[in-house]
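Read the structure below first, then the notes.
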Amino acid sequence: MGVTRWEKPHPVAEKAAEALRARFGASIGETAVFRGEVTVVVEAARIVEACRLVKLDPDLSFEMLSDLTGIHFGDRDYEYEVLYHLYSFKNNARLRLKVRLAETNHCPTVTGVWVGADWQEREAYDLVGVVFDGHPDLRRILMPEDFEFHPLRRDFPLEGHGA
Amino acid sequence: MPITREKLESGGEAVTINMGPSHPSTHGVLRLVLELEGEIVRKCTPHVGYLHRGMEKIAENKTYHQFIPYTDRLDYLAPLSNNCAYVMAVEKLIDCEVPPRARAIRVLVCELSRISAHLLWLGTHAVDLGALSVFFYTFREREILYDFIEMLTGTRMTTSYTRVGGLARDLPPGFLDQFKAWVTRFPKEVEEWEALLTHNKIWVERTKDIGILKVEDAIDLGVTGPNLRACGKDWDLRKVEPYSGYDELDFDVPVGSVGDVYDRYLVRLEEMRQSVRILHQIIAKMPDGPIVVDDPKIVLPPKENVLRKMEELIHQFILVTESFDAPVGEVYHAIEAPKGELGFYIKSEGGGSPYRLKIRSPSFINLQALVKIAEGQLVSDLVAIIASLDPVMGEVDR
């Protein structure tokens, strides 16, 4: 252990964090770097604009939504996190945006920014229970249509019929 | 009297039909609801999830090592590649660098998987379009590859070959010589299949300019792998984010121009040849040395030591019951799997299991492109399009 090969964050990812803070100010929360990966916390109300900014800015151009997912927490002051893993072809850089939802499970959709968010948001809704407002077709995707639970929630048991 | 497309279109009322979930050309349990106007697909709605096993939930309740066998069952046509992708993400999390021999063997098994996965794609793709004989040729070669996989791992499909910190076992004696002989012979087989298909009039008519995906749409959808490269985007994770020593290897990335079924065919065919190039280099330069990192806190000690030494017994006990203690943090690591970007996102809150593990499966995201491509195509061409997108449902549904 103790290898340093991951430890440098990509300058463009850091630049994106600065650009977001410059534009949205207090709506941008903490910026974390772990193993060279830059994570920026964005307020839910600003996430669509934030995605659009990092995608359309010619210097940043995070053109691809590589992955979108959610996490449910049972035990802290926010209940959900929605994660956006972005990739920039031009700069060969990755960036992770994060939305924290407290006392709500509603998050604006980014299907207007990337068409590919469609199925990914459906999956996050299906498994984690985050509702993406404005999504054109928010149906379950992996679980059956009549399934009543969101299996990746902390309170969903590993075995049995659910509670 | 010439029959035109217009004629096919004006078939009367629109009909909705169900294709799959068990249909030979949907390559697994994929269900498509098609709205047809005559023979033309007006809307295609895929329904997935038939193979959903809740892998991400399982991961939260297993130690990092215990999850390795589950990765075999993602893209079950390239389990070795999934094994590698997963442990590399964990190694990034715990900051562990594996020895050179393990890295080289990982490249070897990844490329072996790529060829094996592409062989299945080519065989079934050809069957879908009526070229039955190609299937027998590719499956003959695939069977030989399975023999190699069995030599290496003891099993054909559920390989679980990698470990966090290295590999489960070393190459068996004589493996490299036998494998080299196969790798040397294999390109001639590819040439033969090319002779059967590439200039075959029926094949060309069935694939050229069919199912075009534009590069900007592909990026918008997040399509990766051969499907993206066929659209003309020169992007391969082995080149842009090299892992496991790919940056020291000499190989080209085939790129298409039109983005049709034919380009996807040509790209994958060439990828097999490039994999052969990589394998030759790996076999020639296979380093000696250990196959696991020298860290008893991560890697299980050899069994004979566990039986004789107190300290090794304790290490084994702790690793099996609690696993290593991962640092708090979150990582995403992706490799160029046969289908595209296979990434694992791991969020750790410390301890021996992930707090959340997300599998970014290339097939799931690539399959979404089908909705876009299928519009306005003939039903019979849809069969060619599905085969050319090469989805594996084990990975789509997880």
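We name chains A, B, ... following the order of the structure tokens; residues begin at 1 in each chain, and ligands are numbered from 1 as shown.
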- Contacts of segment 25-42 of chain A within 8 Å, only C-alpha atoms, excl. fewer than 5 positions in-chain, as a count of residues only: 23
- Task: Counting only C-alpha atoms, collect the residues of chain B whose closest atom lies at most 9 Å from chain A, and write them out as a ChimeraX atom specification.
- Result: /B:47-52,54,56-58,61,92-97,217-223,235,240-241,295,329-332,341,343,356,358,360,364-365,368-369,397-398
Atoms to include: C-alpha atoms. Write the selected residues as a compact mmCIF listing (two decimals), in the first residue's frame.
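The resulting file, result.txt, is reproduced below:
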```txt
# COMPACT_ATOMS: atom_id res chain seq x y z
CA HIS B 47 -38.17 -4.34 -21.86
CA VAL B 48 -35.24 -5.58 -19.82
CA GLY B 49 -34.74 -6.98 -16.34
CA TYR B 50 -35.58 -10.65 -16.87
CA LEU B 51 -32.14 -11.65 -15.60
CA HIS B 52 -32.02 -9.19 -12.73
CA GLY B 54 -29.84 -7.87 -7.53
CA GLU B 56 -25.54 -4.54 -6.42
CA LYS B 57 -27.58 -5.37 -3.34
CA ILE B 58 -25.67 -8.61 -2.89
CA ASN B 61 -23.69 -7.78 1.93
CA LYS B 92 -7.83 1.48 -6.65
CA LEU B 93 -9.90 1.89 -3.51
CA ILE B 94 -7.37 0.22 -1.22
CA ASP B 95 -4.40 1.58 -3.16
CA CYS B 96 -2.68 -1.65 -4.03
CA GLU B 97 -0.40 -2.27 -6.98
CA ASP B 217 -26.07 10.38 -30.97
CA ALA B 218 -23.75 7.66 -29.74
CA ILE B 219 -21.98 10.09 -27.41
CA ASP B 220 -25.26 11.59 -26.24
CA LEU B 221 -26.46 8.10 -25.34
CA GLY B 222 -23.20 7.11 -23.69
CA VAL B 223 -22.52 4.28 -26.17
CA TRP B 235 -11.80 6.05 -28.28
CA VAL B 240 -6.87 6.78 -23.16
CA GLU B 241 -6.83 5.46 -19.60
CA ASP B 295 0.66 -8.20 1.69
CA GLY B 329 -13.90 6.98 0.03
CA GLU B 330 -15.38 6.46 -3.39
CA VAL B 331 -13.76 5.32 -6.60
CA TYR B 332 -14.76 4.63 -10.17
CA GLU B 341 -16.70 0.68 -20.86
CA GLY B 343 -16.88 0.39 -14.79
CA ARG B 356 -22.67 0.87 -2.38
CA LYS B 358 -22.64 0.28 -8.93
CA ARG B 360 -21.68 0.56 -15.11
CA PHE B 364 -27.19 -1.71 -20.60
CA ILE B 365 -26.22 1.66 -21.95
CA GLN B 368 -30.61 2.07 -25.22
CA ALA B 369 -29.33 3.03 -28.65
CA ASP B 397 -29.93 -6.82 -16.05
CA ARG B 398 -27.28 -7.51 -13.39
```
Selection near Asn91 of chain A, 10 Å with only C-alpha atoms, sequence-local residues under 6 positions removed, as a PDB file with N, CA and C atoms, in the first residue's frame:
```pdb
ATOM      1  N   HIS A  10      -7.162  15.498 -12.123  1.00  0.00           N
ATOM      2  CA  HIS A  10      -7.011  16.048 -13.469  1.00  0.00           C
ATOM      3  C   HIS A  10      -7.256  17.557 -13.429  1.00  0.00           C
ATOM      4  N   PRO A  11      -6.357  18.361 -14.021  1.00  0.00           N
ATOM      5  CA  PRO A  11      -6.541  19.826 -13.942  1.00  0.00           C
ATOM      6  C   PRO A  11      -7.888  20.295 -14.509  1.00  0.00           C
ATOM      7  N   VAL A  12      -8.385  19.626 -15.535  1.00  0.00           N
ATOM      8  CA  VAL A  12      -9.664  20.073 -16.118  1.00  0.00           C
ATOM      9  C   VAL A  12     -10.820  19.798 -15.154  1.00  0.00           C
ATOM     10  N   ALA A  13     -10.734  18.688 -14.421  1.00  0.00           N
ATOM     11  CA  ALA A  13     -11.776  18.404 -13.431  1.00  0.00           C
ATOM     12  C   ALA A  13     -11.750  19.466 -12.328  1.00  0.00           C
ATOM     13  N   ASP A  59     -13.986  24.584 -23.016  1.00  0.00           N
ATOM     14  CA  ASP A  59     -12.740  24.132 -22.378  1.00  0.00           C
ATOM     15  C   ASP A  59     -12.962  22.875 -21.551  1.00  0.00           C
ATOM     16  N   LEU A  60     -14.143  22.755 -20.988  1.00  0.00           N
ATOM     17  CA  LEU A  60     -14.415  21.595 -20.129  1.00  0.00           C
ATOM     18  C   LEU A  60     -14.950  20.441 -20.962  1.00  0.00           C
ATOM     19  N   SER A  61     -16.017  20.701 -21.686  1.00  0.00           N
ATOM     20  CA  SER A  61     -16.714  19.744 -22.565  1.00  0.00           C
ATOM     21  C   SER A  61     -16.809  18.313 -22.014  1.00  0.00           C
ATOM     22  N   PHE A  62     -17.486  18.190 -20.893  1.00  0.00           N
ATOM     23  CA  PHE A  62     -17.808  16.856 -20.382  1.00  0.00           C
ATOM     24  C   PHE A  62     -19.041  16.373 -21.150  1.00  0.00           C
TER      25      PHE A  62
END
```
Find the spatial neighbours of segment 133-139 of chain A, counting only C-alpha atoms, within a cut-off of 10 Å - ignore same-chain residues fewer than 4 positions away - and output them as a CSV table (one decimal) with N, CA and C atoms, in the first residue's frame.
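Writing done, so here's around-v6.csv:
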```csv
chain,number,residue,atom,x,y,z
A,105,ASN,N,-37.4,12.9,-2.1
A,105,ASN,CA,-36.8,11.9,-3.0
A,105,ASN,C,-36.9,12.4,-4.4
A,106,HIS,N,-37.1,13.7,-4.6
A,106,HIS,CA,-37.3,14.3,-5.9
A,106,HIS,C,-36.0,15.0,-6.4
A,107,CYS,N,-35.7,14.8,-7.6
A,107,CYS,CA,-34.5,15.4,-8.2
A,107,CYS,C,-34.8,15.7,-9.6
A,108,PRO,N,-34.4,16.9,-10.1
A,108,PRO,CA,-34.7,17.2,-11.5
A,108,PRO,C,-34.0,16.3,-12.5
A,109,THR,N,-34.6,16.0,-13.6
A,109,THR,CA,-34.0,15.1,-14.6
A,109,THR,C,-33.0,15.8,-15.4
A,110,VAL,N,-32.0,15.0,-15.9
A,110,VAL,CA,-31.0,15.6,-16.8
A,110,VAL,C,-31.2,15.0,-18.2
A,111,THR,N,-32.4,14.4,-18.4
A,111,THR,CA,-32.6,13.8,-19.8
A,111,THR,C,-32.6,14.9,-20.8
A,112,GLY,N,-32.8,16.2,-20.4
A,112,GLY,CA,-32.7,17.3,-21.4
A,112,GLY,C,-31.3,17.6,-21.8
A,117,ALA,N,-29.5,9.7,-20.3
A,117,ALA,CA,-29.9,9.7,-18.9
A,117,ALA,C,-31.2,8.9,-18.7
A,118,ASP,N,-32.0,8.7,-19.8
A,118,ASP,CA,-33.3,8.1,-19.7
A,118,ASP,C,-33.3,6.8,-18.9
A,119,TRP,N,-32.6,5.8,-19.4
A,119,TRP,CA,-32.6,4.5,-18.8
A,119,TRP,C,-31.9,4.6,-17.4
A,121,GLU,N,-31.7,7.0,-15.3
A,121,GLU,CA,-32.6,7.6,-14.2
A,121,GLU,C,-33.7,6.6,-13.9
A,122,ARG,N,-34.2,5.9,-14.9
A,122,ARG,CA,-35.2,4.9,-14.6
A,122,ARG,C,-34.6,3.8,-13.7
A,123,GLU,N,-33.4,3.5,-13.9
A,123,GLU,CA,-32.8,2.5,-13.0
A,123,GLU,C,-32.6,3.0,-11.6
A,125,TYR,N,-34.4,5.3,-10.2
A,125,TYR,CA,-35.7,5.3,-9.6
A,125,TYR,C,-36.2,3.9,-9.2
A,126,ASP,N,-36.0,3.0,-10.0
A,126,ASP,CA,-36.4,1.6,-9.8
A,126,ASP,C,-35.7,1.0,-8.5
A,143,MET,N,-36.9,-4.1,-12.2
A,143,MET,CA,-37.8,-4.9,-11.4
A,143,MET,C,-39.2,-4.9,-12.2
A,144,PRO,N,-40.1,-5.9,-11.8
A,144,PRO,CA,-41.4,-5.9,-12.4
A,144,PRO,C,-42.2,-4.7,-12.2
A,145,GLU,N,-43.1,-4.4,-13.1
A,145,GLU,CA,-43.9,-3.1,-13.0
A,145,GLU,C,-44.7,-3.0,-11.7
```
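Each of B:Met151, B:Ala326, B:Val33, B:Ile346 was checked against Gly174 of chain B using only C-alpha atoms; the smallest atom-to-atom distance is that of B:Met151.
Here atom CA of Ile17 of chain B stands at a distance of 18.0 Å from atom CA of Lys372 of chain B.
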